[in-house]
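Trainee: Can you read through this structure? Questions will come right after.
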Amino acid sequence: YRTEFALKEIMSSGGAEDDIPQGERKTVTDFCYLLDKSKQLFNGLRDLPQYGQKQWQSYFGRTFDVYTKLWKFQQQHRQVLDNRYGLKRWQIGEIASKIGQLYYHYYLRTSETSYLNEAFSFYSAIRQRSYYSQVNKEDRPELVVKKLRYYARFIVVCLLLNKMDVVKDLVKELSDEIEDYTHRFNTEDQVEWNLVLQEVAAFIEADPVMVLNDDNTIVITSNRLAETGAPLLEQGMIVGQLSLADALIIGNCNNQVKFSELTVDMFRMLQALEREPMNLASQMNKPGMQESADKPTRRENPHKYLLYKPTFSQLYTFLAASFKELPANSVLLIYLSATGVFPTGRSDSEGPYDFGGVLTNSNRDIINGDAIHKRNQSHKEMHCLHPGDLYPFTRKPLFIIVDSSNSVAYKNFTNLFGQPLVCLLSPTAYPKALQDQSQRGSLFTLFLNNPLMAFLFVSGLSSMRRGLWEKCQEYLRKINRDIAQLLTHSRSIDQAFLQFFGDEFLRLLLTRFIFCSATMRMHKIFRETRNYPESYPQLPRDETVENPHLQKHILELASILDVRNVFLENTIDDY
């Protein structure tokens with residue numbers, strides 16, 4: 001509603017213009033001004049660059065300012081706005097929904113999980129107060145679409161906060177709303193909305209193991225970093241002082257379950273790089289606006305870019321932006337979950353562009369599966385991130401994780417600049433018994449995100465009682481502490497691993513990687529070399545992934561779960 005239009009509406013409905021008290025007319029004018037301004041600022045958010053961490057902050061601050069004023073204004077003047085403006089409940093819902101979106105986008109920009117809680121509180125209020133309940137009575141399909149989009153956004157926030165019970169309720173409500181919408185308006189977007197439902201249903205079912213309470217309700221487990229999450233460093237342990245400041249999480253797997261623009265692998269990895277969220281003190285506390293004295297001394301979570309099926313240009317642009325803004329003594333993490341691109345033909349050289357890499361989006365939908373065909377055998381695949389493409393960025397500390405059927409291409413790295421550099425590489429193939437699970441997310445990434453669930457899955461277990469789960473989690477913490485000691489006490493380990501070991505997130509990823517590798521090497525059905533994770537630089541096997549002490553621990557964990565028969569016994573010395 002533009003101001004003039006709204007005032008004309010008032011005059012036509014309320015008789016002569018003079019009948020409206022001056023104060024009430026000013027209230028409506030001020031409200032219309034704030035509403036216009038808020039919409040302009042909100043629409044302007046789309047034009048902000050998606051990368052770079054500074055340019056957008058003042059604009060976000062101004063947008064929050066206006067929405068804060070608008071929200072308080074409609075609360076204080078609700079009666080006048082009802083009578084003179086004809087304010088509808090769905091319009092209040094729209095304002096609350098926009099504030100929820102602002103908080104969600106602020107989370108995406110900053111990686112601070114507290115803002116997810118703020119988004120959740122506004123989205124919840126819309127549902128509890130039934131702001132959209134009257135929409136269905138109006139013969140305007142575009143209003144119903146606003147309601148459906150609100151549900152989809154609310155579901156994304158609940159997924160990120162692991163509020164699965166709320167997600168299930170929302171999915172049921174959304175399903176009913178879609179059915180009513182398509183029945184009443186016979187629209188063309190019915191297929192799209194039904195696809196949204198299918199996607200979220202598949203996303204909820206992605207975890208291969210259920211943890212159950214005594215009454216058979218499902219326990220919701222969080223995989224963010226808790227206070228006691230990462231193994232503590234021993235006193236006197238010499239490790240690097242680097243900290244993880246930035247991460248690119250890239251998802252480009254064909255056929256993997258996804259919702260919104262998050263694949264299951266991306267979803268799992270982003271949670272492995274976040275701490276448990278805290279509630280912000282006040283509901284309308286504007287992000288980024290605290291006085292510097294109130295700010296924590298260090299940022300809680302590394303900043304992240306989430307890139308779903310990026311083109312090479314997009315990926316390189318974000319990578320360059322992260323590289324440019326990386327603070328001193330900081331690490332850039334690149335996580336690639338993508339379809340493998342293999343070299344075709346024979347190459348005489350063995351350079352960083354001769355082993356293929358992982359797929360980037362070509363903006364064409366003709367690529368199926370892992371087989372990529374090129375017109376000219378002598379040319380390299382251009383829609384591919386080759387190991388050589390990452391060389392310029394090894395001028396700063398770089399931590400790379402590749403989950404792909406051609407992850408081993410990144411084993412052929414050369415550390416040109418002497419900066420800390422580590423690549424953790426997934427198996428390139430899994431035993432046949434496990435292959436059909438790949439749509440629900442990669443086993444390797446599951447080990448990095450939730451190692452106990454991955455261990456149960458490879459052991460053939462699909463559900464578990466809460467008490468036993470917690471006992472195993474406690475034992476796994478002990479294993480992690482021991483792995484940390486193996487790494488730091490090793491005499492032959494490459495120093496790059498230790499230089500990253502001072503950061504809690506990277507320490508946890510490294511210990512989980514070693515646990516994953518040791519588990520797979522002991523498992524009876526993982527018998528081919530390509531079934532095992534690898535790393536650059538290589539780890540000393542006898543001191544880490546094939547260490548007898550660690551193997552004994554894994555067998556003990558298997559004994560607690562009564563699945564010892566799944567693992568090889570003869571890999572360890574007699575104790």
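Here's how to read the names in the structure tokens: chain A, B, ... by the order shown, residue numbers from 1 in each chain, ligand numbers from 1 in the order shown.
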I want to know what sits within 8 Å of region 537-550 of chain A, based on only C-alpha atoms, with residues of the same chain fewer than 4 positions away left out; could you give that as a list of chain:residue names?
Mentor: A:Lys411, A:Val422, A:Cys423, A:Ile479, A:Asp482, A:Ile483, A:Leu486, A:Leu487, A:Ser490, A:Ser492, A:Ile493, A:Asp494, A:Ile514, A:Phe515, A:Ser517, A:Ala518, A:Arg521, A:Ile554, A:Thr571, A:Ile572, A:Asp573
Trainee: For each of A:Asn194, A:Gln74, A:Ser124, A:Thr519, take the minimum atom-to-atom distance to Tyr532 (chain A), counting only C-alpha atoms, then give the residue where this is smallest.
Mentor: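 Once distances to Tyr532 (chain A) are computed over only C-alpha atoms, the minimum belongs to A:Thr519.
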Trainee: Would you pick out the contacts of Leu461 (chain A) at 10 Å or less, using only C-alpha atoms, so that residues sharing its chain but fewer than 4 positions from it are not included, and give the list as a JSON list (two decimals) with N, CA and C atoms, in the first residue's frame?
Mentor:
```
[["chain", "number", "residue", "atom", "x", "y", "z"],
["A", 208, "PRO", "N", 20.56, -42.57, 8.85],
["A", 208, "PRO", "CA", 20.36, -44.02, 8.72],
["A", 208, "PRO", "C", 20.06, -44.74, 10.02],
["A", 209, "VAL", "N", 20.24, -44.06, 11.17],
["A", 209, "VAL", "CA", 20.05, -44.72, 12.47],
["A", 209, "VAL", "C", 19.13, -43.86, 13.33],
["A", 210, "MET", "N", 18.17, -44.50, 14.00],
["A", 210, "MET", "CA", 17.30, -43.79, 14.93],
["A", 210, "MET", "C", 17.72, -44.07, 16.36],
["A", 453, "MET", "N", 26.93, -42.43, 14.72],
["A", 453, "MET", "CA", 25.87, -42.87, 13.81],
["A", 453, "MET", "C", 26.47, -43.61, 12.62],
["A", 454, "ALA", "N", 27.57, -43.10, 12.09],
["A", 454, "ALA", "CA", 28.24, -43.75, 10.95],
["A", 454, "ALA", "C", 28.74, -45.14, 11.36],
["A", 455, "PHE", "N", 29.30, -45.24, 12.56],
["A", 455, "PHE", "CA", 29.82, -46.53, 13.06],
["A", 455, "PHE", "C", 28.67, -47.54, 13.19],
["A", 456, "LEU", "N", 27.53, -47.09, 13.72],
["A", 456, "LEU", "CA", 26.37, -47.98, 13.86],
["A", 456, "LEU", "C", 25.89, -48.43, 12.49],
["A", 457, "PHE", "N", 25.88, -47.49, 11.54],
["A", 457, "PHE", "CA", 25.39, -47.80, 10.20],
["A", 457, "PHE", "C", 26.26, -48.87, 9.53],
["A", 561, "LEU", "N", 28.43, -52.75, 21.53],
["A", 561, "LEU", "CA", 27.27, -52.78, 20.65],
["A", 561, "LEU", "C", 26.93, -54.19, 20.17],
["A", 563, "VAL", "N", 28.60, -56.05, 18.07],
["A", 563, "VAL", "CA", 28.79, -56.20, 16.62],
["A", 563, "VAL", "C", 30.26, -56.51, 16.31]]
```
Trainee: Quick one: residues within 10 Å of Arg507 (chain A), only C-alpha atoms counted, chain neighbours fewer than 3 positions away excluded, as a CSV table (one decimal) with all heavy atoms, in the first residue's frame?
Mentor:
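Listed below is the output, around.csv:
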```csv
chain,number,residue,atom,x,y,z
A,230,ALA,N,35.3,-31.2,21.5
A,230,ALA,CA,36.6,-31.5,21.0
A,230,ALA,C,37.6,-32.0,22.1
A,230,ALA,O,37.5,-31.5,23.2
A,230,ALA,CB,37.2,-30.2,20.3
A,231,PRO,N,38.4,-32.9,21.8
A,231,PRO,CA,39.3,-33.4,22.8
A,231,PRO,C,40.2,-32.2,23.3
A,231,PRO,O,40.7,-31.5,22.5
A,231,PRO,CB,40.2,-34.5,22.1
A,231,PRO,CG,39.9,-34.3,20.7
A,231,PRO,CD,38.6,-33.6,20.5
A,232,LEU,N,40.4,-32.1,24.6
A,232,LEU,CA,41.3,-31.0,25.1
A,232,LEU,C,42.7,-31.3,24.8
A,232,LEU,O,43.2,-32.5,24.7
A,232,LEU,CB,41.1,-30.9,26.6
A,232,LEU,CG,39.7,-30.5,27.1
A,232,LEU,CD1,39.5,-30.6,28.6
A,232,LEU,CD2,39.4,-29.1,26.6
A,233,LEU,N,43.5,-30.2,24.7
A,233,LEU,CA,44.9,-30.4,24.5
A,233,LEU,C,45.6,-30.6,25.8
A,233,LEU,O,45.3,-30.0,26.8
A,233,LEU,CB,45.5,-29.1,23.9
A,233,LEU,CG,45.0,-28.8,22.4
A,233,LEU,CD1,45.4,-27.4,22.0
A,233,LEU,CD2,45.6,-29.8,21.5
A,480,ASN,N,38.5,-40.4,21.0
A,480,ASN,CA,39.0,-39.1,20.5
A,480,ASN,C,40.2,-38.5,21.2
A,480,ASN,O,41.1,-38.0,20.6
A,480,ASN,CB,37.9,-38.1,20.4
A,480,ASN,CG,37.1,-38.1,19.1
A,480,ASN,OD1,37.6,-38.6,18.1
A,480,ASN,ND2,35.9,-37.6,19.1
A,484,ALA,N,43.9,-38.0,19.7
A,484,ALA,CA,44.6,-36.7,19.8
A,484,ALA,C,46.1,-36.9,20.3
A,484,ALA,O,47.0,-36.3,19.8
A,484,ALA,CB,43.9,-35.7,20.7
A,497,PHE,N,49.7,-31.2,10.1
A,497,PHE,CA,48.5,-31.7,10.9
A,497,PHE,C,48.6,-31.0,12.3
A,497,PHE,O,47.5,-30.6,12.8
A,497,PHE,CB,48.6,-33.2,11.1
A,497,PHE,CG,48.3,-34.0,9.8
A,497,PHE,CD1,49.4,-34.5,9.1
A,497,PHE,CD2,47.0,-34.2,9.4
A,497,PHE,CE1,49.1,-35.2,7.9
A,497,PHE,CE2,46.7,-34.8,8.2
A,497,PHE,CZ,47.8,-35.4,7.5
A,498,LEU,N,49.8,-30.9,12.9
A,498,LEU,CA,49.9,-30.3,14.2
A,498,LEU,C,49.6,-28.8,14.1
A,498,LEU,O,49.1,-28.2,15.1
A,498,LEU,CB,51.3,-30.6,14.8
A,498,LEU,CG,51.6,-32.1,15.0
A,498,LEU,CD1,53.0,-32.2,15.6
A,498,LEU,CD2,50.5,-32.7,15.9
A,500,PHE,N,47.4,-27.3,12.4
A,500,PHE,CA,46.0,-27.1,12.5
A,500,PHE,C,45.3,-27.6,13.8
A,500,PHE,O,44.1,-27.4,14.0
A,500,PHE,CB,45.3,-27.9,11.3
A,500,PHE,CG,45.6,-27.3,9.9
A,500,PHE,CD1,46.2,-28.0,8.9
A,500,PHE,CD2,45.3,-25.9,9.7
A,500,PHE,CE1,46.4,-27.5,7.7
A,500,PHE,CE2,45.6,-25.4,8.4
A,500,PHE,CZ,46.1,-26.2,7.4
A,501,PHE,N,46.1,-28.3,14.6
A,501,PHE,CA,45.5,-29.0,15.7
A,501,PHE,C,45.1,-28.1,16.9
A,501,PHE,O,44.4,-28.5,17.8
A,501,PHE,CB,46.5,-30.1,16.2
A,501,PHE,CG,45.8,-31.3,16.7
A,501,PHE,CD1,45.1,-32.1,15.8
A,501,PHE,CD2,45.9,-31.7,18.0
A,501,PHE,CE1,44.4,-33.2,16.3
A,501,PHE,CE2,45.3,-32.9,18.5
A,501,PHE,CZ,44.5,-33.6,17.6
A,502,GLY,N,45.5,-26.8,16.8
A,502,GLY,CA,45.2,-25.9,17.9
A,502,GLY,C,43.7,-25.4,17.8
A,502,GLY,O,43.2,-24.9,18.8
A,503,ASP,N,43.1,-25.5,16.6
A,503,ASP,CA,41.7,-25.1,16.5
A,503,ASP,C,40.8,-26.2,16.8
A,503,ASP,O,40.9,-27.4,16.3
A,503,ASP,CB,41.5,-24.7,15.0
A,503,ASP,CG,40.1,-24.2,14.8
A,503,ASP,OD1,39.8,-23.0,15.0
A,503,ASP,OD2,39.2,-25.0,14.4
A,504,GLU,N,39.8,-25.9,17.6
A,504,GLU,CA,38.8,-27.0,18.1
A,504,GLU,C,38.1,-27.7,17.0
A,504,GLU,O,38.0,-28.9,17.0
A,504,GLU,CB,37.8,-26.4,19.0
A,504,GLU,CG,38.2,-26.1,20.4
A,504,GLU,CD,37.1,-25.5,21.3
A,504,GLU,OE1,36.7,-24.4,21.0
A,504,GLU,OE2,36.6,-26.3,22.1
A,510,LEU,N,40.0,-33.8,12.4
A,510,LEU,CA,41.1,-34.7,12.2
A,510,LEU,C,41.0,-36.0,13.0
A,510,LEU,O,41.3,-37.1,12.5
A,510,LEU,CB,42.4,-33.9,12.6
A,510,LEU,CG,42.9,-32.9,11.6
A,510,LEU,CD1,44.0,-32.0,12.2
A,510,LEU,CD2,43.5,-33.6,10.4
A,511,THR,N,40.5,-35.9,14.3
A,511,THR,CA,40.3,-37.1,15.1
A,511,THR,C,39.2,-38.0,14.5
A,511,THR,O,39.4,-39.2,14.5
A,511,THR,CB,40.1,-36.7,16.6
A,511,THR,OG1,38.9,-35.9,16.7
A,511,THR,CG2,41.3,-36.1,17.2
A,512,ARG,N,38.2,-37.3,14.0
A,512,ARG,CA,37.1,-38.1,13.4
A,512,ARG,C,37.5,-38.8,12.1
A,512,ARG,O,37.1,-39.9,11.8
A,512,ARG,CB,35.9,-37.2,13.2
A,512,ARG,CG,35.1,-36.9,14.5
A,512,ARG,CD,34.0,-35.8,14.2
A,512,ARG,NE,33.2,-35.6,15.4
A,512,ARG,CZ,32.3,-34.7,15.5
A,512,ARG,NH1,32.0,-34.0,14.5
A,512,ARG,NH2,31.6,-34.6,16.7
A,513,PHE,N,38.4,-38.1,11.4
A,513,PHE,CA,38.9,-38.6,10.1
A,513,PHE,C,39.7,-39.9,10.4
A,513,PHE,O,39.6,-40.9,9.8
A,513,PHE,CB,39.8,-37.6,9.4
A,513,PHE,CG,40.5,-38.1,8.2
A,513,PHE,CD1,39.9,-38.3,7.0
A,513,PHE,CD2,41.8,-38.5,8.3
A,513,PHE,CE1,40.5,-38.8,5.9
A,513,PHE,CE2,42.5,-39.0,7.2
A,513,PHE,CZ,41.9,-39.2,6.0
```
Trainee: Show which residues sit within 10 Å of Val566 (chain A), as a ChimeraX atom specification. Count only C-alpha atoms, and ignore same-chain residues fewer than 5 positions away.
Mentor: /A:458-460,522-525,555,558
Trainee: Kindly indicate which residue among A:Leu102, A:Arg275, A:Pro302, A:Ala328 lies nearest to Gly229 (chain A), using only C-alpha atoms for the distances.
Mentor: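 That would be A:Arg275, the residue with the smallest distance to Gly229 (chain A).
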Trainee: Might you pull out every residue within 12 Å of region 426-431 of chain A, with only C-alpha atoms counted and same-chain residues fewer than 3 positions away left off, and present them as a ChimeraX atom specification?
Mentor: /A:335-342,357-358,370,400-411,423,434-438,442-448,458,513-514,516-517,520-521,523-536
Trainee: Using only C-alpha atoms, which residues sit within 12 Å of Pro392 (chain A) once same-chain residues fewer than 4 positions away are excluded, as an MDAnalysis selection string?
Mentor: chainID A and resid 316 319:320 323:324 387:388 396:398 414:417 419
Trainee: For Arg149 (chain A), which residue out of A:Ser260, A:Ser121, A:Phe203, A:Thr187 is the nearest one, using only C-alpha atoms?
Mentor: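 The shortest atom-to-atom distance to Arg149 (chain A) comes from A:Ser260.
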Trainee: Could you pull out the alpha helix (DSSP H) residues of region 120-215 of chain A from DSSP and send them as JSON, numbers by chain?
Mentor: {"A": [120, 121, 122, 123, 124, 125, 126, 127, 128, 141, 142, 143, 144, 145, 146, 147, 148, 149, 150, 151, 152, 153, 154, 155, 156, 157, 158, 159, 160, 164, 165, 166, 167, 168, 169, 170, 171, 172, 173, 174, 175, 176, 177, 178, 179, 180, 181, 182, 183, 184, 185, 190, 191, 192, 193, 194, 195, 196, 197, 198, 199, 200, 201, 202, 203, 204]}
Trainee: Using only C-alpha atoms, find the one residue out of A:Ile126, A:Ser559, A:Lys98, A:Gln57 that sits nearest to Asn43 (chain A).
Mentor: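 Answer, going by the shortest atom-to-atom distance: A:Lys98.
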